[in-house]
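S.K.: My structure file final_29.cif, mmCIF, C-alpha atoms, is below:
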```
data_structure
loop_
_atom_site.group_PDB
_atom_site.id
_atom_site.type_symbol
_atom_site.label_atom_id
_atom_site.label_comp_id
_atom_site.auth_asym_id
_atom_site.auth_seq_id
_atom_site.Cartn_x
_atom_site.Cartn_y
_atom_site.Cartn_z
ATOM 1 C CA MET R 1 11.307 -12.100 -77.546
ATOM 2 C CA PRO R 2 12.440 -8.879 -75.892
ATOM 3 C CA SER R 3 11.983 -5.685 -77.881
ATOM 4 C CA ASP R 4 12.875 -2.075 -77.251
ATOM 5 C CA ASP R 5 10.059 -1.729 -74.721
ATOM 6 C CA ARG R 6 10.446 -5.153 -73.104
ATOM 7 C CA PRO R 7 13.244 -6.081 -70.706
ATOM 8 C CA SER R 8 15.978 -8.458 -71.803
ATOM 9 C CA VAL R 9 17.446 -9.021 -68.327
ATOM 10 C CA ALA R 10 16.030 -9.971 -64.933
ATOM 11 C CA VAL R 11 17.978 -9.627 -61.677
ATOM 12 C CA VAL R 12 16.853 -12.053 -58.964
ATOM 13 C CA LEU R 13 17.836 -12.054 -55.292
ATOM 14 C CA PRO R 14 18.013 -15.013 -52.876
ATOM 15 C CA GLY R 15 16.230 -15.301 -49.559
ATOM 16 C CA THR R 16 17.931 -15.161 -46.166
ATOM 17 C CA GLY R 17 20.705 -17.726 -45.871
ATOM 18 C CA SER R 18 20.063 -18.923 -49.417
ATOM 19 C CA ASP R 19 22.258 -18.550 -52.481
ATOM 20 C CA ALA R 20 22.378 -17.681 -56.154
ATOM 21 C CA ASP R 21 22.136 -21.334 -57.169
ATOM 22 C CA PHE R 22 18.641 -21.770 -55.738
ATOM 23 C CA VAL R 23 17.260 -18.501 -57.037
ATOM 24 C CA ALA R 24 18.739 -19.264 -60.457
ATOM 25 C CA ARG R 25 16.937 -22.603 -60.534
ATOM 26 C CA ALA R 26 13.757 -20.869 -59.457
ATOM 27 C CA PHE R 27 13.777 -18.226 -62.190
ATOM 28 C CA THR R 28 16.109 -19.068 -65.094
ATOM 29 C CA GLU R 29 13.971 -21.613 -66.934
ATOM 30 C CA PRO R 30 10.731 -19.593 -66.688
ATOM 31 C CA LEU R 31 12.429 -16.379 -67.771
ATOM 32 C CA THR R 32 14.369 -18.052 -70.561
ATOM 33 C CA SER R 33 11.044 -19.206 -71.970
ATOM 34 C CA ARG R 34 10.144 -15.514 -72.284
ATOM 35 C CA GLY R 35 13.454 -14.548 -73.902
ATOM 36 C CA VAL R 36 14.778 -12.899 -70.752
ATOM 37 C CA ARG R 37 18.268 -13.551 -69.377
ATOM 38 C CA THR R 38 18.506 -14.177 -65.641
ATOM 39 C CA VAL R 39 21.185 -12.661 -63.422
ATOM 40 C CA ALA R 40 21.119 -14.483 -60.081
ATOM 41 C CA VAL R 41 22.934 -12.517 -57.391
ATOM 42 C CA GLU R 42 25.241 -14.219 -54.892
ATOM 43 C CA PRO R 43 24.735 -12.430 -51.568
ATOM 44 C CA ASP R 44 27.672 -11.017 -49.664
ATOM 45 C CA PRO R 45 26.882 -12.232 -46.130
ATOM 46 C CA ARG R 46 28.799 -9.275 -44.705
ATOM 47 C CA ARG R 47 26.383 -6.811 -46.391
ATOM 48 C CA VAL R 48 23.465 -8.694 -47.863
ATOM 49 C CA VAL R 49 21.178 -5.807 -48.750
ATOM 50 C CA GLY R 50 24.054 -3.644 -49.956
ATOM 51 C CA SER R 51 25.246 -6.379 -52.307
ATOM 52 C CA TYR R 52 21.711 -6.738 -53.677
ATOM 53 C CA LEU R 53 21.336 -3.006 -54.289
ATOM 54 C CA ASP R 54 24.727 -2.861 -55.995
ATOM 55 C CA ALA R 55 23.655 -5.633 -58.365
ATOM 56 C CA LEU R 56 20.336 -3.963 -59.175
ATOM 57 C CA ASP R 57 21.942 -0.573 -59.763
ATOM 58 C CA GLY R 58 24.659 -2.097 -61.931
ATOM 59 C CA ALA R 59 22.254 -4.072 -64.091
ATOM 60 C CA ALA R 60 19.968 -1.091 -64.603
ATOM 61 C CA ALA R 61 22.925 1.097 -65.564
ATOM 62 C CA GLN R 62 24.024 -1.486 -68.122
ATOM 63 C CA HIS R 63 20.707 -2.715 -69.507
ATOM 64 C CA GLY R 64 18.154 0.025 -68.926
ATOM 65 C CA ARG R 65 14.728 -1.196 -67.821
ATOM 66 C CA ILE R 66 14.980 -4.570 -66.106
ATOM 67 C CA LEU R 67 12.805 -7.098 -64.386
ATOM 68 C CA VAL R 68 13.638 -7.520 -60.712
ATOM 69 C CA GLY R 69 12.640 -10.197 -58.266
ATOM 70 C CA GLY R 70 13.606 -12.596 -55.563
ATOM 71 C CA VAL R 71 12.575 -14.858 -52.736
ATOM 72 C CA SER R 72 11.629 -13.717 -49.209
ATOM 73 C CA ILE R 73 13.921 -10.815 -48.275
ATOM 74 C CA GLY R 74 15.097 -10.845 -51.893
ATOM 75 C CA ALA R 75 11.526 -10.110 -52.968
ATOM 76 C CA ALA R 76 11.271 -7.262 -50.459
ATOM 77 C CA VAL R 77 14.546 -5.648 -51.555
ATOM 78 C CA ALA R 78 13.548 -5.974 -55.217
ATOM 79 C CA LEU R 79 10.156 -4.412 -54.553
ATOM 80 C CA GLN R 80 11.627 -1.555 -52.550
ATOM 81 C CA TRP R 81 14.186 -0.885 -55.284
ATOM 82 C CA ALA R 82 11.384 -0.868 -57.847
ATOM 83 C CA GLY R 83 9.566 1.759 -55.830
ATOM 84 C CA SER R 84 12.668 3.959 -55.795
ATOM 85 C CA HIS R 85 13.450 3.471 -59.507
ATOM 86 C CA PRO R 86 10.116 3.462 -61.366
ATOM 87 C CA ASP R 87 11.761 4.438 -64.657
ATOM 88 C CA ARG R 88 14.198 1.514 -64.531
ATOM 89 C CA VAL R 89 11.898 -1.376 -63.647
ATOM 90 C CA ALA R 90 9.626 -3.271 -66.025
ATOM 91 C CA GLY R 91 8.085 -5.528 -63.386
ATOM 92 C CA VAL R 92 8.671 -7.340 -60.122
ATOM 93 C CA LEU R 93 8.637 -11.103 -59.461
ATOM 94 C CA ALA R 94 8.052 -11.478 -55.725
ATOM 95 C CA ALA R 95 8.227 -15.015 -54.343
ATOM 96 C CA LEU R 96 7.302 -15.861 -50.733
ATOM 97 C CA PRO R 97 7.178 -12.381 -49.166
ATOM 98 C CA ALA R 98 7.955 -12.614 -45.456
ATOM 99 C CA TRP R 99 6.676 -9.415 -43.851
ATOM 100 C CA THR R 100 5.419 -5.896 -44.453
ATOM 101 C CA GLY R 101 7.188 -2.898 -42.948
ATOM 102 C CA THR R 102 9.119 -3.590 -39.756
ATOM 103 C CA ALA R 103 9.911 -7.262 -39.177
ATOM 104 C CA ALA R 104 8.987 -7.171 -35.469
ATOM 105 C CA ASP R 105 7.882 -10.708 -34.573
ATOM 106 C CA ALA R 106 7.410 -11.953 -38.143
ATOM 107 C CA PRO R 107 8.127 -15.709 -38.222
ATOM 108 C CA ALA R 108 10.971 -15.354 -40.748
ATOM 109 C CA ALA R 109 12.686 -12.638 -38.707
ATOM 110 C CA ALA R 110 12.271 -14.530 -35.441
ATOM 111 C CA SER R 111 13.684 -17.656 -37.071
ATOM 112 C CA ALA R 112 16.674 -15.713 -38.423
ATOM 113 C CA ARG R 113 17.465 -14.198 -35.028
ATOM 114 C CA PHE R 114 17.127 -17.558 -33.272
ATOM 115 C CA THR R 115 19.312 -19.329 -35.822
ATOM 116 C CA ALA R 116 21.991 -16.639 -35.656
ATOM 117 C CA ALA R 117 22.164 -16.991 -31.863
ATOM 118 C CA ARG R 118 22.344 -20.780 -32.074
ATOM 119 C CA LEU R 119 25.092 -20.645 -34.690
ATOM 120 C CA ARG R 120 27.202 -18.404 -32.501
ATOM 121 C CA ALA R 121 26.631 -20.603 -29.465
ATOM 122 C CA ASP R 122 26.838 -24.102 -30.956
ATOM 123 C CA GLY R 123 28.582 -23.797 -34.308
ATOM 124 C CA LEU R 124 27.679 -24.529 -37.906
ATOM 125 C CA GLU R 125 27.755 -28.327 -37.910
ATOM 126 C CA GLN R 126 25.455 -28.884 -34.928
ATOM 127 C CA VAL R 127 22.885 -26.265 -35.969
ATOM 128 C CA THR R 128 22.918 -27.478 -39.573
ATOM 129 C CA ALA R 129 22.278 -31.045 -38.450
ATOM 130 C CA GLU R 130 19.347 -29.913 -36.322
ATOM 131 C CA MET R 131 17.954 -27.832 -39.178
ATOM 132 C CA ILE R 132 18.125 -30.792 -41.560
ATOM 133 C CA ALA R 133 16.342 -33.020 -39.052
ATOM 134 C CA SER R 134 13.462 -30.561 -38.644
ATOM 135 C CA SER R 135 13.036 -29.397 -42.264
ATOM 136 C CA PRO R 136 11.557 -30.898 -45.426
ATOM 137 C CA PRO R 137 14.387 -32.883 -47.071
ATOM 138 C CA TRP R 138 14.714 -30.554 -50.061
ATOM 139 C CA LEU R 139 14.916 -27.462 -47.861
ATOM 140 C CA GLY R 140 17.452 -29.074 -45.556
ATOM 141 C CA ARG R 141 19.698 -29.882 -48.517
ATOM 142 C CA GLU R 142 19.418 -26.375 -49.945
ATOM 143 C CA LEU R 143 20.178 -24.580 -46.690
ATOM 144 C CA ALA R 144 22.991 -26.916 -45.660
ATOM 145 C CA LYS R 145 24.776 -26.032 -48.901
ATOM 146 C CA SER R 146 24.189 -22.290 -48.764
ATOM 147 C CA TRP R 147 24.885 -21.984 -45.034
ATOM 148 C CA ARG R 148 28.320 -23.541 -45.481
ATOM 149 C CA SER R 149 29.115 -21.188 -48.346
ATOM 150 C CA GLN R 150 28.329 -18.147 -46.154
ATOM 151 C CA TRP R 151 30.146 -19.304 -43.031
ATOM 152 C CA PRO R 152 31.595 -17.720 -40.873
ATOM 153 C CA HIS R 153 29.606 -14.585 -41.749
ATOM 154 C CA LEU R 154 26.235 -16.379 -41.762
ATOM 155 C CA PRO R 155 25.098 -15.217 -38.282
ATOM 156 C CA ALA R 156 25.673 -11.580 -39.249
ATOM 157 C CA ALA R 157 23.739 -12.099 -42.479
ATOM 158 C CA LEU R 158 20.813 -13.595 -40.568
ATOM 159 C CA ASP R 159 20.814 -10.724 -38.080
ATOM 160 C CA GLU R 160 20.872 -8.183 -40.899
ATOM 161 C CA ALA R 161 17.909 -9.845 -42.578
ATOM 162 C CA SER R 162 15.903 -9.920 -39.344
ATOM 163 C CA GLU R 163 16.268 -6.133 -39.038
ATOM 164 C CA TYR R 164 15.369 -5.290 -42.629
ATOM 165 C CA HIS R 165 12.515 -2.814 -43.035
ATOM 166 C CA ALA R 166 10.405 -4.028 -45.952
ATOM 167 C CA PRO R 167 7.985 -1.743 -47.790
ATOM 168 C CA GLY R 168 5.198 -0.684 -45.427
ATOM 169 C CA LEU R 169 1.513 -0.336 -46.215
ATOM 170 C CA ASP R 170 1.847 3.249 -47.443
ATOM 171 C CA ASP R 171 4.962 2.335 -49.442
ATOM 172 C CA LEU R 172 3.125 -0.469 -51.209
ATOM 173 C CA GLU R 173 0.381 1.881 -52.349
ATOM 174 C CA ARG R 174 2.948 4.144 -54.028
ATOM 175 C CA ILE R 175 4.757 1.441 -56.033
ATOM 176 C CA THR R 176 3.524 1.656 -59.611
ATOM 177 C CA ALA R 177 5.397 -1.270 -61.195
ATOM 178 C CA PRO R 178 3.408 -4.402 -62.046
ATOM 179 C CA VAL R 179 4.118 -7.135 -59.497
ATOM 180 C CA GLY R 180 3.617 -10.890 -59.776
ATOM 181 C CA ILE R 181 3.499 -12.571 -56.367
ATOM 182 C CA ALA R 182 3.959 -16.272 -55.603
ATOM 183 C CA ALA R 183 2.968 -17.519 -52.155
ATOM 184 C CA ALA R 184 2.832 -20.962 -50.601
ATOM 185 C CA THR R 185 -0.397 -21.961 -48.909
ATOM 186 C CA ASP R 186 1.400 -24.074 -46.296
ATOM 187 C CA ASP R 187 4.491 -22.001 -45.429
ATOM 188 C CA ALA R 188 4.376 -20.763 -41.835
ATOM 189 C CA VAL R 189 7.621 -18.822 -42.246
ATOM 190 C CA HIS R 190 6.274 -16.844 -45.226
ATOM 191 C CA PRO R 191 2.599 -16.434 -44.335
ATOM 192 C CA LEU R 192 0.048 -16.321 -47.127
ATOM 193 C CA GLU R 193 -1.526 -13.326 -45.396
ATOM 194 C CA VAL R 194 1.589 -11.244 -46.113
ATOM 195 C CA ALA R 195 1.307 -12.008 -49.821
ATOM 196 C CA ARG R 196 -2.385 -11.122 -49.735
ATOM 197 C CA THR R 197 -1.582 -7.790 -48.090
ATOM 198 C CA TRP R 198 0.974 -7.032 -50.799
ATOM 199 C CA SER R 199 -1.430 -7.959 -53.591
ATOM 200 C CA GLU R 200 -4.229 -5.859 -52.075
ATOM 201 C CA ARG R 201 -2.141 -2.747 -51.346
ATOM 202 C CA LEU R 202 0.004 -2.640 -54.466
ATOM 203 C CA PRO R 203 -1.808 -0.803 -57.284
ATOM 204 C CA HIS R 204 -0.890 -3.379 -59.929
ATOM 205 C CA ALA R 205 -0.320 -6.838 -58.453
ATOM 206 C CA GLY R 206 -1.438 -10.403 -58.995
ATOM 207 C CA LEU R 207 -1.146 -13.347 -56.614
ATOM 208 C CA VAL R 208 -0.917 -17.054 -57.434
ATOM 209 C CA THR R 209 -0.339 -19.786 -54.844
ATOM 210 C CA VAL R 210 1.703 -22.998 -54.760
ATOM 211 C CA THR R 211 2.674 -25.530 -52.092
ATOM 212 C CA LEU R 212 6.002 -26.280 -50.454
ATOM 213 C CA ASP R 213 5.981 -29.779 -51.959
ATOM 214 C CA GLU R 214 5.658 -28.267 -55.426
ATOM 215 C CA ILE R 215 8.609 -25.965 -54.767
ATOM 216 C CA GLY R 216 10.643 -28.867 -53.442
ATOM 217 C CA ALA R 217 9.905 -30.965 -56.504
ATOM 218 C CA ASP R 218 11.009 -28.180 -58.854
ATOM 219 C CA PRO R 219 12.070 -24.698 -57.688
ATOM 220 C CA ALA R 220 11.154 -23.342 -61.130
ATOM 221 C CA VAL R 221 7.529 -23.466 -60.019
ATOM 222 C CA LEU R 222 8.255 -20.231 -58.138
ATOM 223 C CA GLY R 223 9.336 -18.440 -61.282
ATOM 224 C CA TYR R 224 6.467 -19.772 -63.371
ATOM 225 C CA THR R 225 4.003 -18.818 -60.657
ATOM 226 C CA CYS R 226 5.369 -15.274 -60.386
ATOM 227 C CA LEU R 227 5.149 -14.881 -64.162
ATOM 228 C CA SER R 228 1.595 -16.215 -64.171
ATOM 229 C CA ALA R 229 0.660 -13.671 -61.523
ATOM 230 C CA LEU R 230 2.404 -10.907 -63.488
ATOM 231 C CA ASP R 231 0.602 -11.943 -66.661
ATOM 232 C CA SER R 232 -2.730 -11.572 -64.883
ATOM 233 C CA ILE R 233 -1.930 -7.898 -64.328
ATOM 234 C CA LEU R 234 -0.342 -7.115 -67.695
ATOM 235 C CA HIS R 235 -3.197 -8.713 -69.629
ATOM 236 C CA THR R 236 -5.800 -6.624 -67.843
ATOM 237 C CA ALA R 237 -3.884 -3.343 -67.858
#
```
Re-express the file's structure as structure tokens.
M.R.:
Amino acid sequence: MPSDDRPSVAVVLPGTGSDADFVARAFTEPLTSRGVRTVAVEPDPRRVVGSYLDALDGAAAQHGRILVGGVSIGAAVALQWAGSHPDRVAGVLAALPAWTGTAADAPAAASARFTAARLRADGLEQVTAEMIASSPPWLGRELAKSWRSQWPHLPAALDEASEYHAPGLDDLERITAPVGIAAATDDAVHPLEVARTWSERLPHAGLVTVTLDEIGADPAVLGYTCLSALDSILHTA
């Protein structure tokens, strides 16, 4: 159970084009098992990063030291916030990091830019149908739901994500919070090599891997995996 020196609240942030529902299912059960309440943030597609930072600042002001985390760009924003607020963060749960530093030609950023252009040219229904046809069934269902909830601002949200500057190599080395990283071994959009770079450059980080099929079967595997990776650091500190 949480005590005076352990966080009682975790704020978790969705990935690009995703929503609070998915990130809640990824983290709530694992965190509840540790006595930590989960606050899953619904992104504002008109200002994704700004809405995430507002939620983190608000939770820290209300609850003191908090756990922070997220998926993909959510993980990057959480990690960057942790680096800027070392006295307010108890740990970071980083699932499926997408890139380090500038996005450049990172697969996730390229995919976001391409999808935004297609949405503007061909509309939500056609692009959603094509996405479903080319994605694992579970991912197609998740994105179809969240994309519709963010329309018509979805293209702008995707463009914003593709331009986000994640913590760079030097930034990672200065972040002192313990970080538990979950990466998928078979996810081309969120390369395992990015997660390895984070785990090697961060002073206090652990990395545990899963597969996309495992995530599809139960999103909570992401939260449990992040906590397992975090435990590996806290137990050796």
S.K.: For each of R:Asp87, R:Lys145, R:Ala188, R:Pro137, take the minimum atom-to-atom distance to R:Ala110, counting only C-alpha atoms, then give the residue where this is smallest.
M.R.: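 Closest candidate: R:Ala188.
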S.K.: Set out as a Markdown table a contact list for stretch 194-236 of chain R and stretch 100-108 of chain R with a cut-off of 9 Å, giving each residue of stretch 194-236 of chain R that qualifies its closest atom pair and distance in Å to one decimal, counting all atoms listed in the file, ordered by chain and rising residue number.
M.R.:
```
| residue | atom | partner | partner_atom | distance |
| --- | --- | --- | --- | --- |
| R:Val194 | CA | R:Thr100 | CA | 6.8 |
| R:Thr197 | CA | R:Thr100 | CA | 8.1 |
| R:Trp198 | CA | R:Thr100 | CA | 7.8 |
```
S.K.: What are the closest atom pairs, with distances in Å to one decimal, for each residue of stretch 124-219 of chain R lying within 9 Å of stretch 23-42 of chain R, using all atoms listed in the file, rows by chain and rising residue number, as JSON lines?
M.R.:
```
{"residue": "R:Ile215", "atom": "CA", "partner": "R:Ala26", "partner_atom": "CA", "distance": 8.6}
{"residue": "R:Asp218", "atom": "CA", "partner": "R:Ala26", "partner_atom": "CA", "distance": 7.8}
{"residue": "R:Pro219", "atom": "CA", "partner": "R:Ala26", "partner_atom": "CA", "distance": 4.5}
```
S.K.: Taking into account only C-alpha atoms, which residue in the set R:Pro155, R:Gly140, R:Pro86, R:Pro203 is nearest to R:Thr16?
M.R.: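 The shortest atom-to-atom distance to R:Thr16 comes from R:Pro155.
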S.K.: Which one is closest to R:Leu119: R:Arg201, R:Arg141, R:His63, R:His153? Count only C-alpha atoms.
M.R.: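 Counting only C-alpha atoms, the residue closest to R:Leu119 is R:His153.
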S.K.: Tell me which protein, DNA and RNA residues are within 9 Å of R:Trp81, counting all atoms listed in the file, leaving out same-chain ones fewer than 6 positions away, and put them as a PyMOL selection string.
M.R.: chain R and resi 53+56-57+68+89
